[in-house]
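Student: Below is run-v2.pdb; it holds PDB, C-alpha atoms.
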ATOM      1  CA  MET N  11      -9.366   1.604  10.123
ATOM      2  CA  TYR N  12      -7.057  -0.439  12.302
ATOM      3  CA  ILE N  13      -3.623   1.225  12.206
ATOM      4  CA  ILE N  14      -0.362  -0.702  11.971
ATOM      5  CA  GLY N  15       2.829   1.049  13.037
ATOM      6  CA  THR N  16       3.882   4.569  13.881
ATOM      7  CA  LEU N  17       2.383   7.210  11.587
ATOM      8  CA  ASN N  18       4.177  10.102   9.928
ATOM      9  CA  ILE N  19       1.336  12.493   9.213
ATOM     10  CA  VAL N  20       1.465  15.137   6.480
ATOM     11  CA  LYS N  21       1.354  18.718   7.749
ATOM     12  CA  ASN N  22       1.304  20.730   4.526
ATOM     13  CA  ASN N  23      -1.367  20.522   1.836
ATOM     14  CA  ASN N  24       0.857  22.107  -0.827
ATOM     15  CA  PHE N  25       2.882  19.837  -3.065
ATOM     16  CA  ILE N  26       5.689  21.844  -4.666
ATOM     17  CA  SER N  27       7.411  20.672  -7.840
ATOM     18  CA  ASP N  28       9.238  22.263 -10.737
ATOM     19  CA  LEU N  29       5.813  22.683 -12.361
ATOM     20  CA  GLY N  30       4.669  24.900  -9.523
ATOM     21  CA  THR N  31       2.496  24.388  -6.453
ATOM     22  CA  PHE N  32      -0.362  21.890  -6.446
ATOM     23  CA  ASP N  33      -2.868  22.176  -3.591
ATOM     24  CA  LEU N  34      -4.126  18.828  -2.377
ATOM     25  CA  PRO N  35      -7.920  18.534  -2.081
ATOM     26  CA  ASN N  36      -9.000  19.255   1.494
ATOM     27  CA  ASP N  37     -10.525  15.828   2.136
ATOM     28  CA  TYR N  38      -7.406  13.999   0.912
ATOM     29  CA  PHE N  39      -5.258  16.323   3.004
ATOM     30  CA  ASP N  40      -7.461  15.436   6.000
ATOM     31  CA  PHE N  41      -6.753  11.757   5.297
ATOM     32  CA  LEU N  42      -2.998  12.390   5.190
ATOM     33  CA  THR N  43      -3.074  14.423   8.416
ATOM     34  CA  LYS N  44      -4.678  11.426  10.120
ATOM     35  CA  TYR N  45      -2.765   8.536   8.527
ATOM     36  CA  GLY N  46       0.127   9.771   6.401
ATOM     37  CA  PHE N  47       1.447   7.656   3.528
ATOM     38  CA  GLY N  48       0.920   3.920   3.516
ATOM     39  CA  ASN N  49      -1.349   1.207   2.211
ATOM     40  CA  ILE N  50      -4.788  -0.222   2.904
ATOM     41  CA  CYS N  51      -4.707  -4.006   3.224
ATOM     42  CA  ASP N  52      -1.660  -4.247   0.920
ATOM     43  CA  THR N  53      -4.100  -3.425  -1.865
ATOM     44  CA  ILE N  54      -4.454   0.366  -2.132
ATOM     45  CA  TYR N  55      -1.272   2.420  -1.825
ATOM     46  CA  PHE N  56      -1.074   6.136  -1.070
ATOM     47  CA  ASN N  57       2.441   7.309  -1.902
ATOM     48  CA  GLU N  58       4.458  10.478  -2.062
ATOM     49  CA  PRO N  59       2.848  12.691  -4.743
ATOM     50  CA  ASP N  60       4.522  12.791  -8.155
ATOM     51  CA  ARG N  61       3.691  15.572 -10.618
ATOM     52  CA  HIS N  62       5.465  13.784 -13.501
ATOM     53  CA  TYR N  63       4.365  10.177 -12.987
ATOM     54  CA  VAL N  64       1.603   9.934 -15.607
ATOM     55  CA  GLU N  65       3.511  11.942 -18.188
ATOM     56  CA  ASN N  66       6.754  10.012 -17.701
ATOM     57  CA  ASN N  67       5.137   6.569 -17.799
ATOM     58  CA  PHE N  68       2.115   6.842 -20.072
ATOM     59  CA  LEU N  69       2.363   9.876 -22.364
ATOM     60  CA  ASP N  70       3.098   7.864 -25.512
ATOM     61  CA  TYR N  71       0.189   5.473 -24.882
ATOM     62  CA  ILE N  72      -2.311   7.680 -23.092
ATOM     63  CA  ASP N  73      -4.812   7.722 -25.975
ATOM     64  CA  VAL N  74      -4.522   3.957 -26.428
ATOM     65  CA  LEU N  75      -4.859   2.936 -22.796
ATOM     66  CA  TRP N  76      -7.868   5.079 -21.858
ATOM     67  CA  ASN N  77     -10.947   6.700 -23.336
ATOM     68  CA  TRP N  78     -11.195  10.369 -22.388
ATOM     69  CA  ASP N  79     -14.335  12.452 -21.983
ATOM     70  CA  SER N  80     -12.446  15.362 -23.526
ATOM     71  CA  GLU N  81      -8.986  16.673 -24.289
ATOM     72  CA  LYS N  82      -9.394  18.882 -21.231
ATOM     73  CA  GLN N  83      -9.806  15.868 -18.976
ATOM     74  CA  LYS N  84      -6.674  14.258 -20.415
ATOM     75  CA  ASP N  85      -4.686  17.478 -20.043
ATOM     76  CA  MET N  86      -5.790  17.822 -16.415
ATOM     77  CA  VAL N  87      -4.495  14.331 -15.656
ATOM     78  CA  LEU N  88      -1.183  15.038 -17.385
ATOM     79  CA  ASP N  89      -0.907  18.228 -15.323
ATOM     80  CA  GLY N  90      -2.276  16.545 -12.199
ATOM     81  CA  LEU N  91      -0.727  14.778  -9.274
ATOM     82  CA  TYR N  92      -0.186  11.046  -8.933
ATOM     83  CA  ILE N  93      -1.048  10.098  -5.343
ATOM     84  CA  GLY N  94      -1.219   6.326  -5.408
ATOM     85  CA  ASN N  95      -2.013   3.037  -7.068
ATOM     86  CA  THR N  96      -3.633  -0.319  -6.451
ATOM     87  CA  ILE N  97      -2.143  -3.792  -6.368
ATOM     88  CA  ASP N  98      -3.380  -4.310  -9.942
ATOM     89  CA  GLY N  99      -1.613  -1.206 -11.236
ATOM     90  CA  ASP N 100      -4.590   1.165 -11.327
ATOM     91  CA  ILE N 101      -3.429   4.787 -11.048
ATOM     92  CA  ILE N 102      -4.965   7.318  -8.640
ATOM     93  CA  CYS N 103      -4.564  11.034  -9.385
ATOM     94  CA  CYS N 104      -5.654  14.417  -8.085
ATOM     95  CA  VAL N 105      -6.521  16.966 -10.748
ATOM     96  CA  ASN N 106      -7.302  20.680 -10.767
ATOM     97  CA  ASN N 107     -11.073  20.285 -10.912
ATOM     98  CA  ASN N 108     -13.180  21.394  -7.951
ATOM     99  CA  LEU N 109     -16.158  19.272  -9.015
ATOM    100  CA  LEU N 110     -14.281  16.053  -9.817
ATOM    101  CA  PRO N 111     -10.844  16.310  -8.192
ATOM    102  CA  TYR N 112     -10.008  12.567  -8.243
ATOM    103  CA  VAL N 113      -9.338  10.454 -11.311
ATOM    104  CA  PHE N 114      -8.933   6.678 -11.343
ATOM    105  CA  LEU N 115      -7.058   5.212 -14.327
ATOM    106  CA  PRO N 116      -7.849   1.477 -14.457
ATOM    107  CA  ARG N 117      -5.204  -1.054 -15.417
ATOM    108  CA  HIS N 118      -7.650  -3.484 -17.019
ATOM    109  CA  SER N 119     -10.227  -1.115 -18.471
ATOM    110  CA  GLU N 120     -10.244   1.828 -20.859
ATOM    111  CA  GLU N 121     -12.918   3.727 -18.950
ATOM    112  CA  VAL N 122     -11.586   6.585 -16.836
ATOM    113  CA  ILE N 123     -13.491   7.087 -13.573
ATOM    114  CA  SER N 124     -13.771  10.479 -11.817
ATOM    115  CA  PHE N 125     -14.884  11.068  -8.229
ATOM    116  CA  GLU N 126     -16.176  14.167  -6.501
ATOM    117  CA  SER N 127     -14.728  13.232  -3.097
ATOM    118  CA  PHE N 128     -12.000  11.152  -1.520
ATOM    119  CA  GLU N 129     -14.652   9.231   0.398
ATOM    120  CA  LEU N 130     -16.251   8.034  -2.854
ATOM    121  CA  LEU N 131     -12.853   7.093  -4.295
ATOM    122  CA  HIS N 132     -11.999   5.218  -1.116
ATOM    123  CA  SER N 133     -15.353   3.406  -1.063
ATOM    124  CA  HIS N 134     -15.004   2.439  -4.722
ATOM    125  CA  CYS N 135     -11.637   0.789  -4.051
ATOM    126  CA  LEU N 136     -12.852  -1.053  -0.943
ATOM    127  CA  THR N 137     -15.915  -2.353  -2.772
ATOM    128  CA  TYR N 138     -14.016  -3.335  -5.909
ATOM    129  CA  TYR N 139     -11.558  -5.444  -3.930
ATOM    130  CA  GLY N 140     -14.121  -6.707  -1.421
ATOM    131  CA  LEU N 141     -12.158  -5.380   1.543
ATOM    132  CA  LYS N 142     -14.031  -5.700   4.828
ATOM    133  CA  ASP N 143     -11.619  -6.177   7.751
ATOM    134  CA  VAL N 144      -9.753  -3.003   6.808
ATOM    135  CA  TYR N 145      -6.371  -1.876   8.108
ATOM    136  CA  PHE N 146      -3.937   0.918   7.302
ATOM    137  CA  ASP N 147      -0.269  -0.072   7.203
ATOM    138  CA  SER N 148       2.103   2.880   7.638
ATOM    139  CA  GLU N 149       5.059   3.047   5.255
ATOM    140  CA  PHE N 150       6.951   5.417   7.535
ATOM    141  CA  GLU N 151      10.555   4.127   7.714
ATOM    142  CA  SER N 152       9.298   0.670   6.744
ATOM    143  CA  VAL N 153      11.597  -2.273   6.049
ATOM    144  CA  ARG N 154      10.659  -5.674   4.646
ATOM    145  CA  LYS N 155      12.771  -8.755   5.242
ATOM    146  CA  MET N 156      11.930 -11.859   3.240
ATOM    147  CA  ILE N 157      13.150 -15.119   4.717
ATOM    148  CA  THR N 158      13.271 -17.841   2.081
ATOM    149  CA  LEU N 159      12.650 -21.435   3.091
ATOM    150  CA  ILE N 160      14.255 -22.780  -0.074
ATOM    151  CA  LYS N 161      17.659 -24.292   0.616
ATOM    152  CA  ASN N 162      19.917 -25.792  -2.041
ATOM    153  CA  ASN N 163      17.049 -25.550  -4.549
ATOM    154  CA  SER N 164      14.941 -27.736  -2.278
ATOM    155  CA  LEU N 165      11.806 -26.907  -0.296
ATOM    156  CA  ASP N 166      10.413 -28.789   2.678
ATOM    157  CA  LYS N 167       6.760 -27.754   2.531
ATOM    158  CA  THR N 168       6.144 -28.913   6.112
ATOM    159  CA  LEU N 169       8.762 -26.542   7.531
ATOM    160  CA  ILE N 170       6.658 -23.365   7.463
ATOM    161  CA  LYS N 171       3.919 -24.876   9.633
ATOM    162  CA  THR N 172       6.511 -26.006  12.169
ATOM    163  CA  ILE N 173       8.030 -22.520  12.289
ATOM    164  CA  GLN N 174       4.573 -20.956  12.585
ATOM    165  CA  GLU N 175       3.651 -23.141  15.576
ATOM    166  CA  ILE N 176       6.906 -22.384  17.400
ATOM    167  CA  PHE N 177       6.659 -18.671  16.548
ATOM    168  CA  LEU N 178       3.175 -18.455  18.077
ATOM    169  CA  LYS N 179       4.416 -20.049  21.299
ATOM    170  CA  GLU N 180       7.346 -17.641  21.566
ATOM    171  CA  PHE N 181       5.888 -14.282  20.463
ATOM    172  CA  LYS N 182       2.710 -12.383  21.231
ATOM    173  CA  TYR N 183       0.808 -10.571  18.512
ATOM    174  CA  ASP N 184      -1.786  -7.790  18.676
ATOM    175  CA  LYS N 185      -4.074  -8.830  15.831
ATOM    176  CA  ILE N 186      -4.258 -11.276  12.957
ATOM    177  CA  PHE N 187      -5.519 -10.781   9.412
ATOM    178  CA  ASN N 188      -6.271 -13.522   6.863
ATOM    179  CA  GLU N 189      -6.069 -16.140   9.591
ATOM    180  CA  ASN N 190      -7.364 -18.992   7.451
ATOM    181  CA  ASN N 191      -5.459 -18.157   4.306
ATOM    182  CA  GLN N 192      -2.265 -16.115   4.400
ATOM    183  CA  PRO N 193      -1.908 -15.198   8.098
ATOM    184  CA  LYS N 194      -0.421 -11.811   8.879
ATOM    185  CA  TYR N 195       0.375 -11.422  12.572
ATOM    186  CA  ILE N 196       0.411  -7.758  13.595
ATOM    187  CA  ILE N 197       3.062  -6.861  16.175
ATOM    188  CA  GLN N 198       2.872  -3.208  17.117
ATOM    189  CA  ASP N 199       6.164  -3.429  19.041
ATOM    190  CA  ILE N 200       7.951  -3.663  15.684
ATOM    191  CA  GLY N 201       5.542  -1.370  13.836
ATOM    192  CA  GLY N 202       4.613  -4.150  11.453
ATOM    193  CA  TRP N 203       3.847  -7.817  11.028
ATOM    194  CA  VAL N 204       5.028 -11.345  10.337
ATOM    195  CA  TYR N 205       3.483 -12.965   7.262
ATOM    196  CA  PHE N 206       3.451 -16.705   6.554
ATOM    197  CA  ASP N 207       2.960 -17.740   2.926
ATOM    198  CA  LEU N 208       0.894 -20.882   3.481
ATOM    199  CA  ILE N 209       0.007 -21.235  -0.204
ATOM    200  CA  TYR N 210       3.471 -21.590  -1.700
ATOM    201  CA  ARG N 211       5.056 -22.366   1.708
ATOM    202  CA  ASN N 212       8.382 -20.997   0.552
ATOM    203  CA  SER N 213       8.820 -17.771   2.509
ATOM    204  CA  ILE N 214       8.114 -15.722   5.613
ATOM    205  CA  ILE N 215       8.116 -11.917   5.462
ATOM    206  CA  VAL N 216       8.778  -9.632   8.409
ATOM    207  CA  LYS N 217       7.761  -6.003   7.934
ATOM    208  CA  TYR N 218       8.952  -3.517  10.546
ATOM    209  CA  GLN N 219       9.790   0.157  11.028
ATOM    210  CA  SER N 220      13.458   0.993  11.362
ATOM    211  CA  MET N 221      13.028   2.606  14.796
ATOM    212  CA  TYR N 222      12.050  -0.861  16.083
ATOM    213  CA  GLU N 223      14.880  -2.714  14.360
ATOM    214  CA  VAL N 224      16.299  -4.279  17.524
ATOM    215  CA  LYS N 225      12.990  -5.934  18.424
ATOM    216  CA  ALA N 226      12.380  -6.959  14.824
ATOM    217  CA  ASN N 227      15.791  -8.594  14.556
ATOM    218  CA  LYS N 228      14.979 -10.796  17.547
ATOM    219  CA  ILE N 229      12.074 -12.250  15.566
ATOM    220  CA  ILE N 230      14.070 -12.527  12.335
ATOM    221  CA  ASN N 231      17.011 -14.227  14.059
ATOM    222  CA  PHE N 232      14.639 -16.577  15.883
ATOM    223  CA  ILE N 233      13.079 -17.707  12.607
ATOM    224  CA  GLU N 234      16.374 -17.991  10.745
ATOM    225  CA  LYS N 235      17.811 -20.265  13.446
ATOM    226  CA  MET N 236      15.091 -22.792  12.675
ATOM    227  CA  LEU N 237      16.073 -23.094   9.007
TER     228      LEU N 237
END
Represent the structure from my file as C-alpha cells, please.
Tutor:
Amino acid sequence: MYIIGTLNIVKNNNFISDLGTFDLPNDYFDFLTKYGFGNICDTIYFNEPDRHYVENNFLDYIDVLWNWDSEKQKDMVLDGLYIGNTIDGDIICCVNNNLLPYVFLPRHSEEVISFESFELLHSHCLTYYGLKDVYFDSEFESVRKMITLIKNNSLDKTLIKTIQEIFLKEFKYDKIFNENNQPKYIIQDIGGWVYFDLIYRNSIIVKYQSMYEVKANKIINFIEKML
C-alpha cells in the first residue's frame, strides 16, 4: 500500500487492560509493526485496541443486532478486543480463537463473519468497498483542519475551483487520489493531504501530522487568504 505520513509502528503484541493481557494475533501484529494505527482509504480504520468497546456499546442489543453461531461465539466477542471499524460502522474484533481469530460485526446485516487470517479480513474489506488504488493513512499525531467556504450563510460554488487552480500552481504534491471526483492531494512534507470537496463545494480539508505543523500552516494560511 502507498503510505501517507510518518508511521508510529507498534512494538508489543500484548494489549494490557484491567481484564488482563490479550495477545494480538501474529499476522495482525505483523501489520501493526509495518504500518501502525491508521486508515485504509478513509474507509477501514485500525485504532487503538479497546477491550470494553463491544460490551460498553452493544451489550443490551447484542442479541438483536446479530445472529450468533453459539453463545460461545458471542462470549468470545464480548471478551475480545475491538481493533477497528469501517466507514459504515462495521466493527472489527480479535477474539481468543486460534482457528477464527477475527470477527466482523456488520452494521447493515445480522450475519456475523469470522476469518481465519488478517489477510482474509483485509481482502474482504477491500473487495466489499471496491478499493483498488489503495493507500494507508497514518493517524500518528494527525490533525485535521476544515476550512469552510460558507461566509455569512452564503456559498459561492465557483470559489473552490478557483482556489484549487491557484493551489496547484503554488504547491507541489506527491500523489493524487480520486482525481476526477473528490481530489485528495498527498503532500508528504506535511504528513498528509489537501482535500477539495467538489461535490458540495463548501469546504477544503487539510490533514497533517503535528510535527509538520509549520509547513501545514503555510498551506492553510494561503488558502484562508483567498476567502
Student: N:Asp166, N:Glu223, N:Asp207, N:Glu180: which is nearest N:Val153, counting all atoms listed in the file?
Tutor: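 Comparing N:Asp166, N:Glu223, N:Asp207, N:Glu180 against N:Val153, the winner is N:Glu223.
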Student: Could I get the residues of stretch 97-197 of chain N with an atom no further than 10 Å from an atom of stretch 83-86 of chain N, each paired with its nearest atom pair and that distance in Å to one decimal, using all atoms listed in the file, sorted by chain and residue number, as a tab-separated table?
Tutor:
residue	atom	partner	partner_atom	distance
N:Cys103	CA	N:Met86	CA	9.8
N:Cys104	CA	N:Met86	CA	9.0
N:Val105	CA	N:Met86	CA	5.8
N:Asn106	CA	N:Met86	CA	6.5
N:Asn107	CA	N:Met86	CA	8.0
N:Pro111	CA	N:Met86	CA	9.8
N:Val113	CA	N:Gln83	CA	9.4
N:Val122	CA	N:Gln83	CA	9.7
N:Ser124	CA	N:Gln83	CA	9.8
Student: Can you give me, as a PyMOL selection string, the residues this file yields under the PyMOL selection byres ((chain N and resi 199) around 9)?
Tutor: chain N and resi 15+183+197-198+200-202+218+222+225-226
Student: Compare N:Asn66, N:Tyr195, N:Lys217, N:Ile26 by their minimum atom-to-atom distance to N:Glu149, counting all atoms listed in the file, and give me the closest one.
Tutor: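 Using all atoms listed in the file, the shortest distance to N:Glu149 belongs to N:Lys217.
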Student: Neighbouring residues of stretch 132-135 of chain N were defined as those with any atom within 10 Å, considering all atoms listed in the file; residues of the same chain fewer than 4 positions away were excluded. Please report them as a ChimeraX atom specification.
Tutor: /N:50,53-54,96,114,125,127-128,139-141
Student: Of the residues N:Tyr38, N:Tyr112, N:Tyr71, N:Trp203, which is the one nearest to N:Ile186, using all atoms listed in the file?
Tutor: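 Comparing N:Tyr38, N:Tyr112, N:Tyr71, N:Trp203 against N:Ile186, the winner is N:Trp203.
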Student: On this structure, the PyMOL selection byres ((chain N and resi 17) around 7) would catch which residues? List them as JSON, numbers by chain, sorted by chain and number.
Tutor: {"N": [15, 16, 18, 19, 45, 46, 148, 150]}
Student: How many Å lie between atom CA of N:Ser119 and atom CA of N:Tyr210, rounded to one decimal?
Tutor: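 Computing the Euclidean distance for atom CA of N:Ser119 and atom CA of N:Tyr210 yields 29.8 Å.
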Student: May I ask for the distance between atom CA of N:Asp89 and atom CA of N:Thr137, given in Å to one decimal place?
Tutor: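 It comes out at 28.4 Å.
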Student: Give me the residues near N:Asn188 as a VMD selection string, where near means some atom within 10 Å (using only C-alpha atoms) and where sequence neighbours in that chain fewer than 5 positions away do not count.
Tutor: chain N and resid 143 193 to 195 205
Student: Enter the distance from atom CA of N:Pro116 to atom CA of N:Ile101, in Å, rounded to one decimal.
Tutor: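 These atoms are spaced 6.5 Å apart.
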Student: Give me the residues near N:Asn22 as a short mmCIF file (atom, residue, chain, number, x, y, z; two decimals) with C-alpha atoms, keeping the file's coordinate frame, where near means some atom within 12 Å (using all atoms listed in the file) and where sequence neighbours in that chain fewer than 5 positions away do not count.
Tutor:
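After the write, out-v8.cif holds the following:
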data_model
loop_
_atom_site.label_atom_id
_atom_site.label_comp_id
_atom_site.auth_asym_id
_atom_site.auth_seq_id
_atom_site.Cartn_x
_atom_site.Cartn_y
_atom_site.Cartn_z
CA THR N 31 2.50 24.39 -6.45
CA PHE N 32 -0.36 21.89 -6.45
CA ASP N 33 -2.87 22.18 -3.59
CA LEU N 34 -4.13 18.83 -2.38
CA PRO N 35 -7.92 18.53 -2.08
CA ASN N 36 -9.00 19.26 1.49
CA TYR N 38 -7.41 14.00 0.91
CA PHE N 39 -5.26 16.32 3.00
CA ASP N 40 -7.46 15.44 6.00
CA LEU N 42 -3.00 12.39 5.19
CA THR N 43 -3.07 14.42 8.42
CA GLY N 46 0.13 9.77 6.40
#
Student: Just checking: using all atoms listed in the file, which residue out of N:Leu130, N:Leu159, N:Ile97, N:Ile14 ends up closest to N:Gln219?
Tutor: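 Ranking N:Leu130, N:Leu159, N:Ile97, N:Ile14 by distance to N:Gln219, first place goes to N:Ile14.
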Student: With N, CA and C atoms as the target, complete stretch 173-194 of chain N and hand it back as a compact mmCIF listing (two decimals), in the coordinates of the input.
Tutor:
# COMPACT_ATOMS: atom_id res chain seq x y z
N ILE N 173 7.55 -23.83 11.85
CA ILE N 173 8.03 -22.52 12.29
C ILE N 173 6.88 -21.68 12.82
N GLN N 174 5.74 -21.72 12.15
CA GLN N 174 4.57 -20.96 12.58
C GLN N 174 4.14 -21.36 14.00
N GLU N 175 4.08 -22.65 14.26
CA GLU N 175 3.65 -23.14 15.58
C GLU N 175 4.61 -22.70 16.67
N ILE N 176 5.91 -22.79 16.40
CA ILE N 176 6.91 -22.38 17.40
C ILE N 176 6.90 -20.87 17.59
N PHE N 177 6.74 -20.13 16.49
CA PHE N 177 6.66 -18.67 16.55
C PHE N 177 5.51 -18.23 17.45
N LEU N 178 4.35 -18.85 17.30
CA LEU N 178 3.18 -18.45 18.08
C LEU N 178 3.34 -18.77 19.57
N LYS N 179 4.15 -19.74 19.89
CA LYS N 179 4.42 -20.05 21.30
C LYS N 179 5.40 -19.05 21.91
N GLU N 180 6.26 -18.50 21.08
CA GLU N 180 7.35 -17.64 21.57
C GLU N 180 6.99 -16.16 21.57
N PHE N 181 6.15 -15.71 20.61
CA PHE N 181 5.89 -14.28 20.46
C PHE N 181 4.40 -13.99 20.55
N LYS N 182 4.09 -12.85 21.16
CA LYS N 182 2.71 -12.38 21.23
C LYS N 182 2.42 -11.44 20.07
N TYR N 183 1.21 -11.48 19.58
CA TYR N 183 0.81 -10.57 18.51
C TYR N 183 -0.45 -9.82 18.93
N ASP N 184 -0.67 -8.67 18.31
CA ASP N 184 -1.79 -7.79 18.68
C ASP N 184 -3.06 -8.10 17.91
N LYS N 185 -2.91 -8.55 16.67
CA LYS N 185 -4.07 -8.83 15.83
C LYS N 185 -3.63 -9.71 14.68
N ILE N 186 -4.58 -10.44 14.11
CA ILE N 186 -4.26 -11.28 12.96
C ILE N 186 -5.24 -10.98 11.83
N PHE N 187 -4.70 -10.93 10.61
CA PHE N 187 -5.52 -10.78 9.41
C PHE N 187 -5.30 -12.00 8.52
N ASN N 188 -6.34 -12.37 7.77
CA ASN N 188 -6.27 -13.52 6.86
C ASN N 188 -5.86 -14.80 7.59
N GLU N 189 -6.47 -15.02 8.73
CA GLU N 189 -6.07 -16.14 9.59
C GLU N 189 -6.15 -17.49 8.89
N ASN N 190 -7.15 -17.68 8.06
CA ASN N 190 -7.36 -18.99 7.45
C ASN N 190 -6.74 -19.13 6.07
N ASN N 191 -6.01 -18.12 5.65
CA ASN N 191 -5.46 -18.16 4.31
C ASN N 191 -3.98 -17.85 4.33
N GLN N 192 -3.65 -16.56 4.34
CA GLN N 192 -2.26 -16.11 4.40
C GLN N 192 -2.10 -15.29 5.68
N PRO N 193 -1.88 -15.93 6.82
CA PRO N 193 -1.91 -15.20 8.10
C PRO N 193 -0.85 -14.12 8.21
N LYS N 194 -1.31 -12.95 8.64
CA LYS N 194 -0.42 -11.81 8.88
C LYS N 194 -0.60 -11.42 10.34
